[in-house]
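Read through the structure below, which is laid out as structure tokens, and then see the notes.
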Amino acid sequence: ISGDYKDYLRKLMQGPDYGASIRFNITNGVTFGLHYDQFSSSNAMDAYAYDDDGNYYEGMVSDIHTITFIGVSMGALSASSRNGKHMLCLEALAGYLGYKDSAEEFGYKYTLSGHTFGLGLGMGYDYRLTQHIAIGAEASYYIGALSKVTYDDGTHKEIIDMGNSREGLQRFNIKGGIRFYL
């Protein structure tokens, strides 16, 4: 793989991530919740390639990746300061993990998509500004493996079974945000 293509792929690993979650305190320190998280990235570059017959192609290559997680969480408040302003939370996540790549190669557009069962872990820190508002940071890690993908170029749609060769969907996210306590 050329250095330019390695840089292209590296840039697809970074992008905005946003999400929302709602957690209910079941008992002292144990939470149950619903969680949504979406990561997206895109990149484009001018490229060239040779096919198996030696024909030369030149043009644009682009990708728009989206990875979506929707699931449930079970968490625990692992530490809280005496005054209640500082909190550290841990949670395990399970649910739907979806993937979509809208791509173009030398003028030929297609979409690859798939979904699977995903698992995740999250750890967050909150600092309460008021009784109901906190700011904080969170690190989360999601994992899943696609066994089938759907290829769609607008005229032809095909489900591709990857057999024993699975496509890994892994994400590590670091986020900051605002949390509301009701």
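Order determines the names: the first chain of the structure tokens is A, the second B, and so forth; residues in each chain are numbered 1 upward, and ligands are numbered 1 upward as they are shown.
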Write out as a VMD selection string the residues lying within 10 Å of Ser73 of chain A, counting only C-alpha atoms and excluding same-chain residues fewer than 5 positions away. chain A and resid 21 to 24 31 to 35 90 to 95 119 to 122
Identify, on the basis of only C-alpha atoms, every residue whose closest approach to segment 129-140 of chain A does not exceed 7 Å; exclude the query and any residue fewer than 6 positions from it along the same chain; express the result as a ChimeraX atom specification. /A:120-123,172-182
With distances taken over only C-alpha atoms, which of A:Asn55, A:Gln170, A:Asn43, A:Thr66 is nearest to Tyr5 of chain A?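 Between A:Asn55, A:Gln170, A:Asn43, A:Thr66, the residue approaching Tyr5 of chain A most closely is A:Asn43.
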List every residue of segment 29-86 of chain A that DSSP, applied to the backbone of this structure, assigns to strand (DSSP E), and report them as an MDAnalysis selection string. chainID A and resid 30:50 56:80 86
Just-selected residues, N, CA and C atoms written as a CSV table (one decimal), in the first residue's frame:
chain,number,residue,atom,x,y,z
A,30,VAL,N,-26.2,1.6,41.2
A,30,VAL,CA,-26.4,0.8,40.1
A,30,VAL,C,-27.4,1.4,39.1
A,31,THR,N,-27.0,1.5,37.8
A,31,THR,CA,-27.8,2.2,36.8
A,31,THR,C,-28.2,1.3,35.7
A,32,PHE,N,-29.3,1.6,35.0
A,32,PHE,CA,-29.7,0.9,33.8
A,32,PHE,C,-30.0,2.0,32.8
A,33,GLY,N,-29.7,1.9,31.5
A,33,GLY,CA,-30.0,3.0,30.6
A,33,GLY,C,-30.1,2.6,29.2
A,34,LEU,N,-30.4,3.6,28.4
A,34,LEU,CA,-30.4,3.4,26.9
A,34,LEU,C,-29.3,4.3,26.4
A,35,HIS,N,-28.6,3.9,25.3
A,35,HIS,CA,-27.4,4.6,24.8
A,35,HIS,C,-27.4,4.7,23.3
A,36,TYR,N,-27.1,5.8,22.8
A,36,TYR,CA,-27.0,6.0,21.3
A,36,TYR,C,-25.6,6.7,21.1
A,37,ASP,N,-24.9,6.2,20.1
A,37,ASP,CA,-23.6,6.8,19.7
A,37,ASP,C,-23.4,6.7,18.2
A,38,GLN,N,-22.9,7.8,17.6
A,38,GLN,CA,-22.7,7.7,16.2
A,38,GLN,C,-21.3,8.4,15.8
A,39,PHE,N,-20.5,7.7,15.1
A,39,PHE,CA,-19.2,8.1,14.7
A,39,PHE,C,-19.3,8.3,13.1
A,40,SER,N,-18.7,9.3,12.6
A,40,SER,CA,-18.6,9.5,11.2
A,40,SER,C,-17.3,10.0,10.8
A,41,SER,N,-16.8,9.7,9.6
A,41,SER,CA,-15.6,10.2,9.0
A,41,SER,C,-15.7,10.2,7.5
A,42,SER,N,-14.9,11.0,6.9
A,42,SER,CA,-14.9,11.1,5.4
A,42,SER,C,-13.5,11.5,4.9
A,43,ASN,N,-13.2,11.1,3.7
A,43,ASN,CA,-12.0,11.5,3.1
A,43,ASN,C,-12.1,11.3,1.6
A,44,ALA,N,-11.3,12.1,0.9
A,44,ALA,CA,-11.3,12.0,-0.6
A,44,ALA,C,-9.9,12.3,-1.1
A,45,MET,N,-9.5,11.7,-2.2
A,45,MET,CA,-8.2,12.0,-2.8
A,45,MET,C,-8.2,11.6,-4.3
A,46,ASP,N,-7.3,12.3,-5.0
A,46,ASP,CA,-7.1,11.9,-6.4
A,46,ASP,C,-6.2,10.7,-6.4
A,47,ALA,N,-6.6,9.7,-7.2
A,47,ALA,CA,-5.8,8.4,-7.2
A,47,ALA,C,-5.6,7.9,-8.6
A,48,TYR,N,-4.8,6.8,-8.7
A,48,TYR,CA,-4.6,6.1,-9.9
A,48,TYR,C,-4.5,4.6,-9.6
A,49,ALA,N,-4.8,3.8,-10.6
A,49,ALA,CA,-4.8,2.4,-10.4
A,49,ALA,C,-4.6,1.7,-11.8
A,50,TYR,N,-4.2,0.4,-11.7
A,50,TYR,CA,-4.1,-0.4,-12.9
A,50,TYR,C,-5.0,-1.6,-12.6
A,56,TYR,N,-4.9,1.6,-17.2
A,56,TYR,CA,-4.6,2.7,-16.3
A,56,TYR,C,-5.9,3.5,-16.0
A,57,TYR,N,-6.2,3.7,-14.7
A,57,TYR,CA,-7.3,4.5,-14.3
A,57,TYR,C,-6.9,5.7,-13.4
A,58,GLU,N,-7.5,6.8,-13.6
A,58,GLU,CA,-7.2,8.0,-12.8
A,58,GLU,C,-8.5,8.7,-12.4
A,59,GLY,N,-8.6,9.2,-11.2
A,59,GLY,CA,-9.8,9.9,-10.8
A,59,GLY,C,-9.8,10.0,-9.2
A,60,MET,N,-11.1,10.3,-8.8
A,60,MET,CA,-11.3,10.5,-7.4
A,60,MET,C,-11.7,9.2,-6.7
A,61,VAL,N,-11.2,9.1,-5.4
A,61,VAL,CA,-11.6,8.1,-4.5
A,61,VAL,C,-12.1,8.8,-3.3
A,62,SER,N,-13.3,8.3,-2.8
A,62,SER,CA,-13.8,9.0,-1.6
A,62,SER,C,-14.6,7.9,-0.7
A,63,ASP,N,-14.7,8.2,0.5
A,63,ASP,CA,-15.4,7.3,1.5
A,63,ASP,C,-16.1,8.2,2.5
A,64,ILE,N,-17.3,7.8,2.9
A,64,ILE,CA,-18.0,8.4,4.0
A,64,ILE,C,-18.4,7.3,4.9
A,65,HIS,N,-17.8,7.1,6.1
A,65,HIS,CA,-18.0,6.0,7.0
A,65,HIS,C,-18.9,6.5,8.1
A,66,THR,N,-19.9,5.6,8.5
A,66,THR,CA,-20.7,5.9,9.7
A,66,THR,C,-20.8,4.6,10.5
A,67,ILE,N,-20.6,4.7,11.8
A,67,ILE,CA,-20.7,3.6,12.7
A,67,ILE,C,-21.7,4.0,13.8
A,68,THR,N,-22.8,3.3,13.9
A,68,THR,CA,-23.8,3.6,14.9
A,68,THR,C,-24.0,2.5,15.9
A,69,PHE,N,-24.1,2.9,17.2
A,69,PHE,CA,-24.4,2.0,18.2
A,69,PHE,C,-25.7,2.4,18.9
A,70,ILE,N,-26.6,1.5,19.1
A,70,ILE,CA,-27.9,1.7,19.8
A,70,ILE,C,-28.0,0.5,20.8
A,71,GLY,N,-28.1,0.8,22.1
A,71,GLY,CA,-28.2,-0.3,23.0
A,71,GLY,C,-28.6,0.0,24.4
A,72,VAL,N,-28.4,-0.9,25.2
A,72,VAL,CA,-28.7,-0.7,26.7
A,72,VAL,C,-27.4,-0.7,27.4
A,73,SER,N,-27.5,-0.1,28.6
A,73,SER,CA,-26.3,0.0,29.4
A,73,SER,C,-26.6,-0.5,30.9
A,74,MET,N,-25.7,-1.1,31.5
A,74,MET,CA,-25.8,-1.4,32.9
A,74,MET,C,-24.5,-0.8,33.5
A,75,GLY,N,-24.7,0.0,34.5
A,75,GLY,CA,-23.5,0.7,35.1
A,75,GLY,C,-23.5,0.7,36.6
A,76,ALA,N,-22.4,1.2,37.0
A,76,ALA,CA,-22.2,1.3,38.5
A,76,ALA,C,-21.4,2.6,38.8
A,77,LEU,N,-21.9,3.3,39.8
A,77,LEU,CA,-21.2,4.5,40.3
A,77,LEU,C,-20.1,3.9,41.2
A,78,SER,N,-18.8,4.0,40.7
A,78,SER,CA,-17.8,3.4,41.4
A,78,SER,C,-17.1,4.3,42.4
A,79,ALA,N,-17.3,5.6,42.3
A,79,ALA,CA,-16.7,6.5,43.3
A,79,ALA,C,-17.4,7.8,43.2
A,80,SER,N,-17.6,8.4,44.4
A,80,SER,CA,-18.3,9.7,44.5
A,80,SER,C,-17.6,10.4,45.7
A,86,HIS,N,-17.8,15.2,42.6
A,86,HIS,CA,-17.0,14.4,41.7
A,86,HIS,C,-17.6,13.0,41.6
